[in-house]
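File shown: my_file.tsv. Contents: TSV, C-alpha atoms and all ligand atoms.
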chain	number	residue	atom	x	y	z
M	1	MET	CA	190.03	185.41	119.81
M	2	SER	CA	186.29	185.39	119.20
M	3	SER	CA	184.17	188.16	120.63
M	4	ALA	CA	182.74	185.73	123.19
M	5	GLU	CA	186.24	185.34	124.58
M	6	THR	CA	187.09	189.02	124.60
M	7	PRO	CA	187.82	189.87	128.21
M	8	THR	CA	185.74	192.69	129.63
M	9	THR	CA	187.13	194.82	132.43
M	10	PRO	CA	187.21	192.61	135.48
M	11	ARG	CA	184.91	193.47	138.33
M	12	GLY	CA	187.14	194.03	141.34
M	13	PRO	CA	186.70	194.03	145.10
M	14	VAL	CA	184.39	196.34	147.06
M	15	ASP	CA	186.04	199.76	147.37
M	16	SER	CA	187.28	200.00	150.96
M	17	SER	CA	187.49	203.79	150.77
M	18	ARG	CA	183.70	203.88	150.36
M	19	ILE	CA	182.44	200.89	152.27
M	20	PRO	CA	184.39	200.04	155.44
M	21	ARG	CA	186.21	196.80	154.96
M	22	TYR	CA	184.61	195.24	158.00
M	23	ALA	CA	181.08	195.82	156.60
M	24	GLY	CA	179.05	193.29	154.67
M	25	PRO	CA	179.37	189.54	154.17
M	26	ALA	CA	182.87	188.18	153.59
M	27	THR	CA	183.93	186.96	150.20
M	28	TYR	CA	187.62	186.32	149.59
M	29	ALA	CA	189.37	189.73	149.37
M	30	ARG	CA	185.89	191.35	149.12
M	31	LEU	CA	185.70	190.11	145.54
M	32	PRO	CA	182.38	189.65	143.72
M	33	ARG	CA	180.59	186.34	143.96
M	34	LEU	CA	180.64	184.15	140.86
M	35	ASP	CA	176.95	184.88	140.16
M	36	GLU	CA	177.73	188.62	140.22
M	37	VAL	CA	180.10	188.23	137.27
M	38	GLY	CA	177.74	186.20	135.11
M	39	GLY	CA	178.86	182.78	136.32
M	40	LYS	CA	182.21	182.92	134.51
M	41	THR	CA	185.59	183.84	135.91
M	42	ASP	CA	189.29	183.44	135.20
M	43	VAL	CA	190.18	182.46	138.75
M	44	ALA	CA	187.58	180.89	141.06
M	45	VAL	CA	188.23	181.12	144.77
M	46	VAL	CA	186.28	178.24	146.26
M	47	GLY	CA	185.86	176.90	149.77
M	48	VAL	CA	185.71	173.22	150.68
M	49	PRO	CA	184.35	172.95	154.22
M	50	PHE	CA	185.30	169.33	154.79
M	51	ASP	CA	187.45	167.84	157.57
M	52	THR	CA	186.30	164.23	157.93
M	53	GLY	CA	189.76	163.05	156.78
M	54	VAL	CA	191.75	164.25	159.78
M	55	SER	CA	193.88	162.01	162.01
M	56	TYR	CA	194.03	164.40	164.98
M	57	ARG	CA	192.32	167.71	165.79
M	58	PRO	CA	189.24	168.49	163.66
M	59	GLY	CA	188.05	171.97	162.67
M	60	ALA	CA	189.44	172.69	159.19
M	61	ARG	CA	185.86	172.65	157.87
M	62	PHE	CA	185.72	176.22	159.15
M	63	GLY	CA	188.99	177.22	157.47
M	64	GLY	CA	187.65	178.69	154.25
M	65	ASN	CA	185.35	181.14	155.96
M	66	ALA	CA	188.06	182.12	158.46
M	67	ILE	CA	190.37	182.89	155.52
M	68	ARG	CA	187.63	184.93	153.85
M	69	GLU	CA	187.11	186.96	157.06
M	70	ALA	CA	190.84	187.54	157.45
M	71	SER	CA	191.16	188.58	153.79
M	72	ARG	CA	189.10	191.78	154.24
M	73	LEU	CA	192.30	193.76	154.74
M	74	LEU	CA	193.98	192.70	151.49
M	75	ARG	CA	194.55	195.65	149.16
M	76	PRO	CA	194.29	195.61	145.36
M	77	TYR	CA	197.95	196.21	144.42
M	78	ASN	CA	200.59	193.55	145.20
M	79	PRO	CA	203.95	195.38	145.25
M	80	ALA	CA	205.96	192.16	145.74
M	81	GLN	CA	204.85	191.00	142.27
M	82	ASP	CA	204.22	194.50	140.85
M	83	ALA	CA	200.69	193.55	139.84
M	84	SER	CA	197.04	194.24	140.62
M	85	PRO	CA	195.73	190.69	140.51
M	86	PHE	CA	192.03	191.58	140.47
M	87	ALA	CA	192.44	194.04	137.59
M	88	LEU	CA	194.57	191.76	135.41
M	89	ALA	CA	191.97	188.99	135.35
M	90	GLN	CA	188.54	188.28	136.75
M	91	VAL	CA	188.83	186.70	140.16
M	92	ALA	CA	185.57	185.78	141.88
M	93	ASP	CA	184.43	183.92	144.97
M	94	ALA	CA	182.62	180.79	143.84
M	95	GLY	CA	181.31	179.93	147.31
M	96	ASP	CA	181.65	176.51	148.89
M	97	ILE	CA	181.52	172.95	147.60
M	98	ALA	CA	178.97	171.13	149.76
M	99	ALA	CA	180.64	167.81	150.62
M	100	ASN	CA	179.05	165.03	152.70
M	101	PRO	CA	180.69	165.09	156.17
M	102	PHE	CA	179.59	161.51	156.94
M	103	ASN	CA	180.89	159.75	153.83
M	104	ILE	CA	184.45	160.46	152.70
M	105	ASN	CA	184.17	158.54	149.43
M	106	GLU	CA	181.09	160.47	148.43
M	107	ALA	CA	182.70	163.76	149.48
M	108	VAL	CA	185.75	163.02	147.34
M	109	GLU	CA	183.46	162.38	144.34
M	110	THR	CA	181.49	165.56	144.97
M	111	ILE	CA	184.64	167.67	145.17
M	112	GLU	CA	186.01	166.18	141.95
M	113	ALA	CA	182.74	166.83	140.11
M	114	ALA	CA	182.54	170.44	141.34
M	115	ALA	CA	186.16	170.99	140.31
M	116	ASP	CA	185.37	169.51	136.87
M	117	ASP	CA	182.63	172.13	136.46
M	118	LEU	CA	184.84	175.05	137.46
M	119	LEU	CA	187.87	173.96	135.46
M	120	GLY	CA	185.61	173.05	132.54
M	121	SER	CA	184.31	176.63	132.49
M	122	GLY	CA	187.88	177.76	131.82
M	123	ALA	CA	188.67	178.91	135.37
M	124	ARG	CA	191.76	178.15	137.42
M	125	MET	CA	190.96	177.19	140.99
M	126	MET	CA	192.22	178.78	144.18
M	127	THR	CA	190.76	176.41	146.76
M	128	LEU	CA	190.48	177.18	150.46
M	129	GLY	CA	190.28	174.03	152.60
M	130	GLY	CA	189.27	171.92	154.32
M	131	ASP	CA	191.67	169.20	155.36
M	132	HIS	CA	194.33	167.85	153.01
M	133	THR	CA	192.14	164.96	151.80
M	134	ILE	CA	190.64	167.41	149.31
M	135	ALA	CA	193.86	167.70	147.32
M	136	LEU	CA	193.23	164.26	145.75
M	137	PRO	CA	189.92	165.03	144.00
M	138	LEU	CA	191.27	168.46	143.02
M	139	LEU	CA	194.34	166.88	141.43
M	140	ARG	CA	192.21	164.28	139.66
M	141	SER	CA	190.22	167.04	138.07
M	142	VAL	CA	193.26	169.13	137.16
M	143	ALA	CA	194.89	166.06	135.56
M	144	LYS	CA	191.80	165.43	133.41
M	145	LYS	CA	192.36	168.86	131.94
M	146	HIS	CA	196.16	169.10	131.80
M	147	GLY	CA	197.46	165.53	132.06
M	148	PRO	CA	199.82	164.59	134.90
M	149	VAL	CA	200.93	167.80	136.63
M	150	ALA	CA	204.00	168.90	138.54
M	151	LEU	CA	203.24	169.14	142.24
M	152	LEU	CA	204.76	171.52	144.72
M	153	HIS	CA	203.59	170.56	148.18
M	154	PHE	CA	204.25	172.78	151.19
M	155	ASP	CA	203.70	170.89	154.44
M	156	ALA	CA	205.27	169.72	157.68
M	157	HIS	CA	204.05	166.26	156.67
M	158	LEU	CA	204.75	164.01	153.71
M	159	ASP	CA	201.09	163.05	153.21
M	160	THR	CA	202.28	160.04	151.23
M	161	TRP	CA	201.32	157.53	153.90
M	162	ASP	CA	199.26	154.52	152.84
M	163	THR	CA	196.17	154.18	155.06
M	164	TYR	CA	194.86	155.17	158.48
M	165	PHE	CA	192.60	152.61	160.23
M	166	GLY	CA	192.25	151.02	156.81
M	167	ALA	CA	190.99	154.23	155.20
M	168	GLU	CA	192.57	155.17	151.87
M	169	TYR	CA	191.24	158.72	151.65
M	170	THR	CA	192.56	160.76	154.56
M	171	HIS	CA	194.54	163.94	155.02
M	172	GLY	CA	197.75	161.94	155.44
M	173	THR	CA	197.43	159.97	152.18
M	174	PRO	CA	196.35	162.13	149.21
M	175	PHE	CA	199.68	162.21	147.40
M	176	ARG	CA	200.33	158.46	147.56
M	177	ARG	CA	196.91	157.94	145.99
M	178	ALA	CA	197.69	160.57	143.37
M	179	VAL	CA	200.98	158.87	142.42
M	180	GLU	CA	199.25	155.47	142.29
M	181	GLU	CA	196.61	156.92	139.97
M	182	GLY	CA	199.24	158.35	137.61
M	183	ILE	CA	197.89	161.89	137.83
M	184	LEU	CA	201.20	163.47	138.89
M	185	ASP	CA	204.28	164.06	136.76
M	186	THR	CA	206.79	162.06	138.80
M	187	GLU	CA	209.70	164.01	137.31
M	188	ALA	CA	208.60	167.12	139.20
M	189	LEU	CA	207.34	166.36	142.68
M	190	SER	CA	208.60	168.33	145.67
M	191	HIS	CA	207.71	168.71	149.31
M	192	VAL	CA	208.81	171.89	151.09
M	193	GLY	CA	208.78	172.49	154.85
M	194	ILE	CA	209.01	168.84	155.94
M	195	ARG	CA	209.98	168.23	159.56
M	196	GLY	CA	209.08	166.33	162.67
M	197	PRO	CA	208.84	162.70	163.77
M	198	LEU	CA	207.81	159.96	161.36
M	199	TYR	CA	206.51	156.44	161.87
M	200	GLY	CA	209.77	155.00	160.53
M	201	LYS	CA	212.55	155.52	158.00
M	202	LYS	CA	210.46	153.65	155.43
M	203	ASP	CA	208.19	156.70	155.22
M	204	LEU	CA	211.12	158.51	153.59
M	205	THR	CA	212.27	155.68	151.35
M	206	ASP	CA	208.69	155.07	150.13
M	207	ASP	CA	208.31	158.77	149.46
M	208	GLU	CA	211.54	158.88	147.49
M	209	LYS	CA	210.48	155.87	145.41
M	210	MET	CA	207.32	157.74	144.47
M	211	GLY	CA	209.57	160.42	143.00
M	212	PHE	CA	209.41	163.16	145.61
M	213	GLY	CA	212.29	165.46	146.45
M	214	ILE	CA	212.30	167.00	149.91
M	215	VAL	CA	213.27	170.50	150.98
M	216	THR	CA	213.08	170.41	154.77
M	217	SER	CA	212.12	173.34	156.93
M	218	ALA	CA	215.76	173.50	158.11
M	219	ASP	CA	216.93	173.58	154.45
M	220	VAL	CA	214.80	176.67	153.88
M	221	TYR	CA	216.34	178.32	156.94
M	222	ARG	CA	219.92	177.41	155.94
M	223	ARG	CA	219.75	178.06	152.20
M	224	GLY	CA	217.25	180.88	152.08
M	225	ALA	CA	214.05	181.39	150.12
M	226	ASP	CA	215.67	182.63	146.88
M	227	GLU	CA	217.95	179.64	146.45
M	228	VAL	CA	215.12	177.23	147.28
M	229	ALA	CA	212.80	178.91	144.77
M	230	ASP	CA	215.51	178.76	142.08
M	231	GLN	CA	215.98	175.03	142.64
M	232	LEU	CA	212.23	174.37	142.59
M	233	ARG	CA	211.78	176.43	139.42
M	234	GLN	CA	214.42	174.39	137.64
M	235	ARG	CA	212.75	171.13	138.65
M	236	ILE	CA	209.32	172.35	137.56
M	237	GLY	CA	210.34	173.95	134.25
M	238	ASP	CA	207.35	174.82	132.08
M	239	ARG	CA	205.22	171.88	133.18
M	240	PRO	CA	201.65	172.60	134.31
M	241	LEU	CA	202.04	173.10	138.06
M	242	TYR	CA	199.69	172.53	140.98
M	243	ILE	CA	200.68	174.06	144.33
M	244	SER	CA	199.17	172.54	147.48
M	245	ILE	CA	199.86	174.44	150.70
M	246	ASP	CA	199.14	172.87	154.06
M	247	ILE	CA	199.29	175.84	156.43
M	248	ASP	CA	201.10	173.64	158.94
M	249	CYS	CA	204.20	174.08	156.77
M	250	LEU	CA	204.50	177.23	158.89
M	251	ASP	CA	205.81	177.13	162.42
M	252	PRO	CA	203.04	176.98	165.05
M	253	ALA	CA	204.13	180.53	165.99
M	254	HIS	CA	203.03	181.59	162.49
M	255	ALA	CA	200.11	179.19	162.19
M	256	PRO	CA	198.77	177.94	165.51
M	257	GLY	CA	195.32	177.34	164.04
M	258	THR	CA	195.81	173.93	162.52
M	259	GLY	CA	195.11	170.32	163.44
M	260	THR	CA	198.54	168.64	163.41
M	261	PRO	CA	201.11	171.31	164.41
M	262	GLU	CA	204.85	170.52	164.39
M	263	ALA	CA	207.63	172.62	165.94
M	264	GLY	CA	210.47	174.08	163.88
M	265	GLY	CA	208.58	175.33	160.85
M	266	MET	CA	209.01	178.02	158.22
M	267	THR	CA	208.08	181.63	158.77
M	268	SER	CA	205.24	183.18	156.80
M	269	ARG	CA	207.87	185.49	155.24
M	270	GLU	CA	209.82	182.50	153.92
M	271	LEU	CA	206.69	180.90	152.45
M	272	LEU	CA	205.56	184.11	150.73
M	273	GLU	CA	209.05	184.76	149.36
M	274	ILE	CA	209.38	181.25	147.91
M	275	LEU	CA	206.01	181.65	146.19
M	276	ARG	CA	207.02	185.01	144.71
M	277	GLY	CA	210.13	183.31	143.35
M	278	LEU	CA	207.86	180.93	141.40
M	279	ALA	CA	205.93	183.66	139.62
M	280	SER	CA	207.12	182.50	136.19
M	281	CYS	CA	205.84	178.94	136.65
M	282	ASN	CA	202.75	177.72	134.81
M	283	LEU	CA	200.44	177.59	137.83
M	284	VAL	CA	197.19	175.93	136.78
M	285	SER	CA	195.49	175.73	140.18
M	286	ALA	CA	196.31	175.76	143.89
M	287	ASP	CA	194.96	175.08	147.35
M	288	VAL	CA	195.55	176.32	150.89
M	289	VAL	CA	194.35	173.77	153.43
M	290	GLU	CA	194.31	172.76	157.10
M	291	VAL	CA	193.38	176.14	158.61
M	292	ALA	CA	191.44	175.24	161.78
M	293	PRO	CA	190.28	178.52	163.34
M	294	ALA	CA	189.26	177.03	166.72
M	295	TYR	CA	192.97	176.79	167.61
M	296	ASP	CA	193.88	180.15	166.09
M	297	HIS	CA	194.72	183.33	167.99
M	298	ALA	CA	194.16	186.85	166.70
M	299	GLU	CA	193.59	185.40	163.19
M	300	ILE	CA	197.35	184.71	162.89
M	301	THR	CA	196.81	181.59	160.81
M	302	ALA	CA	193.90	182.89	158.78
M	303	VAL	CA	195.81	186.08	157.89
M	304	ALA	CA	198.84	184.01	156.82
M	305	ALA	CA	196.55	181.84	154.68
M	306	SER	CA	194.80	184.83	153.14
M	307	HIS	CA	198.14	186.34	152.09
M	308	THR	CA	199.34	182.99	150.79
M	309	ALA	CA	196.25	182.72	148.58
M	310	TYR	CA	196.82	186.34	147.48
M	311	GLU	CA	200.32	185.52	146.17
M	312	LEU	CA	199.02	182.43	144.38
M	313	THR	CA	196.12	184.37	142.87
M	314	THR	CA	198.52	187.06	141.71
M	315	ILE	CA	200.68	184.48	139.93
M	316	MET	CA	197.62	183.07	138.13
M	317	SER	CA	196.19	186.49	137.18
M	318	ARG	CA	199.49	187.68	135.78
M	319	GLN	CA	199.79	184.59	133.62
M	320	ILE	CA	196.23	184.91	132.34
M	321	ALA	CA	196.83	188.57	131.44
M	322	GLU	CA	200.15	187.76	129.80
M	323	ALA	CA	198.56	185.05	127.68
M	324	ARG	CA	195.91	187.57	126.57
M	325	GLY	CA	198.50	190.20	125.84
M	326	THR	CA	197.02	192.52	128.45
M	327	GLY	CA	199.77	191.90	130.99
M	328	SER	CA	200.82	195.53	131.35
M	329	ALA	CA	197.44	196.60	132.75
M	330	GLN	CA	197.81	197.05	136.46
X	401	LIG	N1	198.04	166.60	156.38
X	401	LIG	C1	198.21	166.91	157.62
X	401	LIG	N2	198.02	168.11	158.06
X	401	LIG	N3	198.61	166.01	158.53
X	401	LIG	C2	198.89	164.66	158.26
X	401	LIG	C3	199.25	164.02	159.55
X	401	LIG	C4	199.08	162.56	159.49
X	401	LIG	C5	199.37	161.85	160.80
X	401	LIG	O1	198.56	161.98	161.71
X	401	LIG	O2	200.37	161.19	160.88
X	402	ZN	ZN	200.53	168.91	157.44
X	403	ZN	ZN	199.03	168.04	154.74
Using the file provided, produce a representation of the structure as structure tokens.
Amino acid sequence: MSSAETPTTPRGPVDSSRIPRYAGPATYARLPRLDEVGGKTDVAVVGVPFDTGVSYRPGARFGGNAIREASRLLRPYNPAQDASPFALAQVADAGDIAANPFNINEAVETIEAAADDLLGSGARMMTLGGDHTIALPLLRSVAKKHGPVALLHFDAHLDTWDTYFGAEYTHGTPFRRAVEEGILDTEALSHVGIRGPLYGKKDLTDDEKMGFGIVTSADVYRRGADEVADQLRQRIGDRPLYISIDIDCLDPAHAPGTGTPEAGGMTSRELLEILRGLASCNLVSADVVEVAPAYDHAEITAVAASHTAYELTTIMSRQIAEARGTGSAQ
């Protein structure tokens, strides 16, 4: 390792024992902004305030900032993974990607270019959406760096539909586009949390042809989080993995603040436990999308999303530290 690459001690969150956690502007988990750590970070938390791709209730453009606000209460040590994610690696808030709300094609290009910059700087991305359209440009960028990646997709919906009103880039279509573009490793594609009415049986047969395996919400309830995580881990192996989490994978009781809610979903406990069971996977980047705070109550959804991003960030930080040989520092 050259001296330029030698990791310095990461700059962590604002100390909540000195400055009340409700004071000051919200960054994710009260972490430093990217410019406060010299413009370089190991994990970049980035917002994408874009929701022009929705088929029903709008409002996910406000999701990233709602998650940041709700993340003020996160603490630095994660006992579930026995790790202090913000000490193991530099995690910083890279602000928002400014995407055109009136032109989806342009927005998709902007998001891809911004992701290219962040990933090109050596960072992994923890993206806060935004509607699910944004997963496509994020995956394009990740695939430029890693080749076709394994995808673990938590959602009530398949999001492998073809078009809506003739539009190819929507929040119901990102993963069909990604398969068509050859940017996913079709040996390792899974949806988790699927439920609810479809347009027809063909939705499922098309999805299967694309290579997806489905773990339904009821499967998670019947089989339990540990068994589901074991099965997913086996399918993923050591492939580079992208995790995309639509917060509507959770039951509306656990995530009311979202645009296309479906009854019968997972609990936030089940989601967090499955993620913890994937800690050994090679997680290269992740997103949490579809948080629409206008329909939220008491920050239920934003808190669930902030904890979800915390588990994902912890997985990434641990892997970065392990690769550097500094994994025991907590
Ligand atoms: N990606 C989300 N949240 N929803 C997709 C729903 C597409 C539909 O309206 O059928
Ligand atoms: Zn969904
Ligand atoms: Zn979705």
Can you pull out every residue with an atom within 8 Å of ligand ZN 402 (chain X)? Use only C-alpha atoms and all ligand atoms and format it as a list of chain:residue names. M:His132, M:Asp155, M:Ala156, M:His157, M:Leu158, M:Asp159, M:Gly172, M:Asp246, M:Ile247, M:Asp248, M:Cys249, M:Thr260, M:Pro261, M:Glu290
Closest atom pairs, chain M residues within 12 Å of ligand ZN 403 (chain X), only C-alpha atoms and all ligand atoms, as a Markdown table:
| residue | atom | partner | partner_atom | distance |
| --- | --- | --- | --- | --- |
| M:Asp51 | CA | X:ZN403 | ZN | 11.9 |
| M:Gly53 | CA | X:ZN403 | ZN | 10.7 |
| M:Val54 | CA | X:ZN403 | ZN | 9.6 |
| M:Ser55 | CA | X:ZN403 | ZN | 10.8 |
| M:Tyr56 | CA | X:ZN403 | ZN | 12.0 |
| M:Ala60 | CA | X:ZN403 | ZN | 11.5 |
| M:Gly129 | CA | X:ZN403 | ZN | 10.8 |
| M:Gly130 | CA | X:ZN403 | ZN | 10.5 |
| M:Asp131 | CA | X:ZN403 | ZN | 7.5 |
| M:His132 | CA | X:ZN403 | ZN | 5.0 |
| M:Thr133 | CA | X:ZN403 | ZN | 8.1 |
| M:Ile134 | CA | X:ZN403 | ZN | 10.0 |
| M:Ala135 | CA | X:ZN403 | ZN | 9.0 |
| M:Leu136 | CA | X:ZN403 | ZN | 11.3 |
| M:His153 | CA | X:ZN403 | ZN | 8.4 |
| M:Phe154 | CA | X:ZN403 | ZN | 7.9 |
| M:Asp155 | CA | X:ZN403 | ZN | 5.5 |
| M:Ala156 | CA | X:ZN403 | ZN | 7.1 |
| M:His157 | CA | X:ZN403 | ZN | 5.7 |
| M:Leu158 | CA | X:ZN403 | ZN | 7.1 |
| M:Asp159 | CA | X:ZN403 | ZN | 5.6 |
| M:Thr160 | CA | X:ZN403 | ZN | 9.3 |
| M:Trp161 | CA | X:ZN403 | ZN | 10.8 |
| M:Thr170 | CA | X:ZN403 | ZN | 9.7 |
| M:His171 | CA | X:ZN403 | ZN | 6.1 |
| M:Gly172 | CA | X:ZN403 | ZN | 6.3 |
| M:Thr173 | CA | X:ZN403 | ZN | 8.6 |
| M:Pro174 | CA | X:ZN403 | ZN | 8.5 |
| M:Phe175 | CA | X:ZN403 | ZN | 9.4 |
| M:His191 | CA | X:ZN403 | ZN | 10.3 |
| M:Val192 | CA | X:ZN403 | ZN | 11.1 |
| M:Gly193 | CA | X:ZN403 | ZN | 10.7 |
| M:Ile194 | CA | X:ZN403 | ZN | 10.1 |
| M:Arg195 | CA | X:ZN403 | ZN | 12.0 |
| M:Ser244 | CA | X:ZN403 | ZN | 8.5 |
| M:Ile245 | CA | X:ZN403 | ZN | 7.6 |
| M:Asp246 | CA | X:ZN403 | ZN | 4.9 |
| M:Ile247 | CA | X:ZN403 | ZN | 8.0 |
| M:Asp248 | CA | X:ZN403 | ZN | 7.3 |
| M:Cys249 | CA | X:ZN403 | ZN | 8.2 |
| M:Leu250 | CA | X:ZN403 | ZN | 11.5 |
| M:Thr258 | CA | X:ZN403 | ZN | 10.3 |
| M:Gly259 | CA | X:ZN403 | ZN | 9.8 |
| M:Thr260 | CA | X:ZN403 | ZN | 8.7 |
| M:Pro261 | CA | X:ZN403 | ZN | 10.4 |
| M:Glu262 | CA | X:ZN403 | ZN | 11.5 |
| M:Asp287 | CA | X:ZN403 | ZN | 11.0 |
| M:Val288 | CA | X:ZN403 | ZN | 9.8 |
| M:Val289 | CA | X:ZN403 | ZN | 7.5 |
| M:Glu290 | CA | X:ZN403 | ZN | 7.1 |
| M:Val291 | CA | X:ZN403 | ZN | 10.6 |
For stretch 306-323 of chain M: contacts at 6 Å, only C-alpha atoms, fewer than 3 positions along chain excluded, given as a ChimeraX atom specification: /M:67,71,85,88-89,279,303,326-327
Could you state the separation of atom CA of M:Asp42 and atom CA of M:Ser121 in Å, given to one decimal place? 8.9 Å
Would you kindly return, as a PyMOL selection string, each protein, DNA or RNA residue with an atom no farther than 9 Å from any atom of M:His297, considering all atoms listed in the file and excluding same-chain residues fewer than 3 positions away? chain M and resi 255-257+293-294+300-301
Please, could you write that set of residues out with C-alpha atoms as an mmCIF file, in the coordinates of the input?
data_model
loop_
_atom_site.group_PDB
_atom_site.id
_atom_site.type_symbol
_atom_site.label_atom_id
_atom_site.label_comp_id
_atom_site.auth_asym_id
_atom_site.auth_seq_id
_atom_site.Cartn_x
_atom_site.Cartn_y
_atom_site.Cartn_z
ATOM 1 C CA ALA M 255 200.110 179.190 162.190
ATOM 2 C CA PRO M 256 198.770 177.940 165.510
ATOM 3 C CA GLY M 257 195.320 177.340 164.040
ATOM 4 C CA PRO M 293 190.280 178.520 163.340
ATOM 5 C CA ALA M 294 189.260 177.030 166.720
ATOM 6 C CA ILE M 300 197.350 184.710 162.890
ATOM 7 C CA THR M 301 196.810 181.590 160.810
#
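For the residues M:Val45, M:Met210, M:Ala66, M:Ile236, ranking by smallest atom-to-atom distance to M:Leu119 using all atoms listed in the file places M:Val45 first.
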Using all atoms listed in the file for the distances, tell me which of M:Leu34, M:Asp82, M:Thr9, M:Ala292 is nearest to M:Phe62.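 The shortest atom-to-atom distance to M:Phe62 comes from M:Ala292.
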Find the residues around M:Asp96 up to 12 Å (only C-alpha atoms counted), leave out those fewer than 5 positions away in its own chain, and share them as JSON, numbers by chain. {"M": [27, 28, 33, 34, 44, 45, 46, 47, 48, 49, 50, 61, 62, 63, 64, 65, 68, 110, 111, 114, 115, 118, 126, 127, 128, 129, 130]}
Distance of atom CA of M:Pro252 from atom CA of M:Met266, expressed in Å to one decimal place: 9.1 Å
Using all atoms listed in the file, which residues sit within 10 Å of M:Pro13 once same-chain residues fewer than 5 positions away are excluded, as a list in words?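 What passes the distance filter is Thr27, Tyr28, Ala29, Arg30, Leu31, Pro32, Arg33, Arg72, Leu74, Arg75, Pro76, Phe86, Ala87, Val91 and Ala92 of chain M.
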Writer output for current selection, C-alpha atoms, as a PDB file, keeping the file's coordinate frame:
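To be explicit, this is the file written out as part-v5.pdb:
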ATOM      1  CA  THR M  27     183.930 186.960 150.200  1.00  0.00           C
ATOM      2  CA  TYR M  28     187.620 186.320 149.590  1.00  0.00           C
ATOM      3  CA  ALA M  29     189.370 189.730 149.370  1.00  0.00           C
ATOM      4  CA  ARG M  30     185.890 191.350 149.120  1.00  0.00           C
ATOM      5  CA  LEU M  31     185.700 190.110 145.540  1.00  0.00           C
ATOM      6  CA  PRO M  32     182.380 189.650 143.720  1.00  0.00           C
ATOM      7  CA  ARG M  33     180.590 186.340 143.960  1.00  0.00           C
ATOM      8  CA  ARG M  72     189.100 191.780 154.240  1.00  0.00           C
ATOM      9  CA  LEU M  74     193.980 192.700 151.490  1.00  0.00           C
ATOM     10  CA  ARG M  75     194.550 195.650 149.160  1.00  0.00           C
ATOM     11  CA  PRO M  76     194.290 195.610 145.360  1.00  0.00           C
ATOM     12  CA  PHE M  86     192.030 191.580 140.470  1.00  0.00           C
ATOM     13  CA  ALA M  87     192.440 194.040 137.590  1.00  0.00           C
ATOM     14  CA  VAL M  91     188.830 186.700 140.160  1.00  0.00           C
ATOM     15  CA  ALA M  92     185.570 185.780 141.880  1.00  0.00           C
TER      16      ALA M  92
END
Pick out the closest residue to ligand LIG 401 (chain X) from this set: M:Thr186, M:Ser280, M:Gln231, M:Thr163. Count only C-alpha atoms and all ligand atoms.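 Checking each candidate against ligand LIG 401 (chain X), we get M:Thr163 as the closest.
Considering the residues M:Pro240, M:Gly24, M:Pro58, M:Gly224 and counting only C-alpha atoms and all ligand atoms, ligand LIG 401 (chain X) has its shortest atom-to-atom contact with M:Pro58.
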Hey, which of M:Tyr295, M:Tyr221, M:Tyr242, M:Tyr199 ends up closest to ligand LIG 401 (chain X)? Count only C-alpha atoms and all ligand atoms. M:Tyr199
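Proximity to ligand LIG 401 (chain X) was assessed for M:Ile19, M:Leu198, M:Leu184, M:Leu139 counting all atoms listed in the file; the smallest distance is recorded for M:Leu198.
Rounded to one decimal, atom CA of M:Leu138 and atom CA of M:Val220 lie 27.2 Å from each other.
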Around all listed atoms of stretch 70-80 of chain M, padded 3 Å per side, what centre and edge lengths does the axis-aligned box have in Å to one decimal, as AutoDock Vina command-line options?
--center_x 197.5 --center_y 191.9 --center_z 150.9 --size_x 22.9 --size_y 14.7 --size_z 19.0
Counting only C-alpha atoms, select every polymer residue within 12 Å of (203.5, 156.6, 142.3) as defined in the file's coordinates, and provide the selection as a PyMOL selection string. chain M and resi 148+160-162+174-187+189+206-212
